[in-house]
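Remarks on the structure that follows.
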2 protein chains.
Amino acid sequence: MPARRTPTVALSRERIVTACLELVEGGGPGALTFRAIGRRLGVDATAVYRHFRDKDDLVLALADRLYEEALAGFAPSDDWAETLRDVVLRIHRAFAGHPQAALLAATRSTRREAEFRAIEILLDALRRAGFGPEEAARYERVLGDYALAWAAFTASFAMLPKEVREADASAPLVYAAQSLERYPRLAECARHLPPVAESQFETALEILLTGLRVSSRPPAGAVPDASLTA
Amino acid sequence: MPARRTPTVALSRERIVTACLELVEGGGPGALTFRAIGRRLGVDATAVYRHFRDKDDLVLALADRLYEEALAGFAPSDDWAETLRDVVLRIHRAFAGHPQAALLAATRSTRREAEFRAIEILLDALRRAGFGPEEAARYERVLGDYALAWAAFTASFAMLPKEVREADASAPLVYAAQSLERYPRLAECARHLPPVAESQFETALEILLTGLRVSSRPPAGAVPDASLTA
DNA sequence: CAGCGTTGTCAACGGCGGTGACAGCGGATT
DNA sequence: AATCCGCTGTCACCGCCGTTGACAACGCTG
């Protein structure tokens with residue numbers, strides 16, 4: 001029983017997942033359908049069911065691929081904060097680069113290797129930062145959920161039709177111009193408001209890291225503020 | 001032309017929106033369909049199209065209702081951080097309470113009053129914190145996007161079938177038990193990992209506020225860390 | 001060569017968002 | 001009072017979706 005792979009097989013989980021990512025890359029909302037996959041692979045749509053139980057199964061496979069992509073070539077830094085930043089950015093980048101897949105996958109545990117590798121890296125960095133196991137666990141979830149939540153957010157915005165996206169982006173300016181007296185702050189700041197499209201993921205990440213750094217080693221001279229320190 | 005409202009009208013935008021929220025409240029994934037709305041209101045599904053151009057129009061109306069709900073009864077605090085916390089929590093709560101609606105609405109500008117009220121409140125608090133117009137604008141977007149992104153994340157998790165949700169939640173523990181030597185940190189921290197369901201929204205918010213506080217008034221005696229301060 | 005499991009094909013199902021023709025009803029016009 | 005008109009709800013229908021079950025072709029095993 002040499003278990004030779006039959007050369008006549010047209011499909012495989014790998015080929016299908018790759019096709020899905022390409023499909024989603026080029027395509028607008030809802031590009032990921034069984035019929036589209038079949039079309040792209042020159043195969044009947046229902047053939048995919050020979051390799052994936054249902055769409056959920058397929059989506060989990062996509063998520064797994066994204067985690068692999070995210071961690072490919074990762075090397076830990078001596079600086080724990082730099083490691084955290086790197087991993088979170090990598091996860092966000094990988095998921096945000098495939099909007100449709102991210103939207104479906106971001107809220108799911110894949111329970112496969114790559115995901116646990118990411119968790120392990122984050123936990124290790126947090127432990128090195130001086131947090132205890134419990135704090136590390138909590139902050140790992142914060143950073144992981146943060147990366148995924150924001151990736152899904154970015155992704156679902158990227159999937160909107162172009163006209164809608166542009167209309168949404170310019171909304172504050174338009175409205176601010178109409179009622180200056182009711183919204184003075186908006187009038188004052190409107191021209192600085194970044195469009196929704198350029199999600200403030202990295203800015204928020206830096207703020208988070210700053211907050212973590214403050215918590216990790218309470219400054220000796222400073223007065224700790226109980227109302228702000230979680 | 002007294003413009004008397006005809007009493008014979010069965011539907012209205014308000015009635016439909018209310019029905020949608022009820023529908024979504026009790027129902028699992030995909031509960032919000034025109035046919036379901038029609039069924040609930042004892043009316044043909046397509047009658048809804050007399051009041052909303054399409055599903056997108058309907059969803060924007062839902063989002064607007066959620067913003068209204070979020071800000072109902074809001075009173076600003078003297079403490080800027082407390083105001084930020086309050087508004088972000090309110091938005092998150094309102095959206096997370098209606099998963100399906102949040103999922104569709106979180107990435108959209110409604111361009112209606114309630115949304116701009118929220119923006120104005122956040123901007124004002126940030127300006128009072130001492131941030132300039134540009135910083136305030138950037139951080140407003142951070143907090144606003146943060147609230148919506150995490151709400152959508154929570155929501156889409158809440159919408160998963162129960163079995164899937166439970167399986168996902170217990171995943172790290174199971175896996176950690178299987179390969180202690182490859183994932184030592186996971187083994188160490190696994191029992192502290194909060195289930196995905198209990199999203200670490202509030203923990204992250206406190207860290208964010210801590211980070212903002214550090215940025216708002218750089219401590220006189222402390223050495224500013226350029227690599228961590230955005 | 002016979003048998004069997006794997007893989008792709010095909011026709012079909014019910015549900016989805018959405019459209020266009022049509023009916024009834026109330027208010028305004030004459 | 002008769003007529004018209006616009007608004008609202010109904011109905012039949014479209015094309016798309018995920019998914020199923022019967023079936024055919026292929027290659028491996030005995």
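Chain labels A, B, ... are given in the sequence in which chains occur in the structure tokens; within each chain residues are numbered consecutively from 1, and ligands are likewise numbered from 1 in the order shown.
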Inset, instruction - Could you please write out, as a ChimeraX atom specification, every residue of stretch 70-104 of chain A that DSSP assigns to alpha helix (DSSP H)? - result: /A:70-71,80-96,99-104
Inset, instruction - Pull out every residue of chain D that has at least one atom within 12 Å of chain B, counting only C-alpha atoms (C1' of nucleotides), and report them as a PyMOL selection string. - result: chain D and resi 7-11
Legend entry - Residue contacts of D:DA24 (12 Å, only C-alpha atoms (C1' of nucleotides)) excluding same-chain residues fewer than 5 positions away, as a list of chain:residue names: C:DT7, C:DG8, C:DT9, C:DC10
Inset, instruction - List the neighbours of D:DT3 out to 12 Å using only C-alpha atoms (C1' of nucleotides); skip same-chain residues closer than 5 positions along the sequence, and give me the result as a PyMOL selection string. - result: chain C and resi 28-30
Inset, instruction - Show which residues sit within 10 Å of A:Val59, as a list in words. Count only C-alpha atoms (C1' of nucleotides), and ignore same-chain residues fewer than 5 positions away. - result: Val17, Cys20, Leu32, Phe52, Asp54, Asp64, Arg65, Gln100, Ala101, Ala102, Leu103, Leu104, Ala105, Ala106, Arg108 and Thr110 of chain A
Please produce a file of those selected residues containing C-alpha atoms, as a PDB file, in the first residue's frame.
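Listing of again.pdb after writing:
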```pdb
ATOM      1  CA  VAL A  17      -8.459  27.282  -0.889  1.00  0.00           C
ATOM      2  CA  CYS A  20     -10.981  31.016  -3.079  1.00  0.00           C
ATOM      3  CA  LEU A  32     -17.108  33.702  -2.760  1.00  0.00           C
ATOM      4  CA  PHE A  52     -15.395  20.344   2.112  1.00  0.00           C
ATOM      5  CA  ASP A  54     -20.076  22.746   3.690  1.00  0.00           C
ATOM      6  CA  ASP A  64      -6.218  28.597   8.745  1.00  0.00           C
ATOM      7  CA  ARG A  65      -4.441  29.605   5.556  1.00  0.00           C
ATOM      8  CA  GLN A 100     -14.555  38.260   2.372  1.00  0.00           C
ATOM      9  CA  ALA A 101     -12.612  35.479   4.049  1.00  0.00           C
ATOM     10  CA  ALA A 102     -11.794  37.677   7.032  1.00  0.00           C
ATOM     11  CA  LEU A 103     -15.412  38.620   7.466  1.00  0.00           C
ATOM     12  CA  LEU A 104     -16.436  35.018   7.738  1.00  0.00           C
ATOM     13  CA  ALA A 105     -13.386  33.732   9.571  1.00  0.00           C
ATOM     14  CA  ALA A 106     -12.491  36.451  12.055  1.00  0.00           C
ATOM     15  CA  ARG A 108     -14.019  31.625  14.468  1.00  0.00           C
ATOM     16  CA  THR A 110      -9.864  27.360  13.648  1.00  0.00           C
TER      17      THR A 110
END
```
Legend entry - Computed interatomic separation between atom C1' of C:DT6 and atom CA of A:Leu21 (Å): 26.0 Å
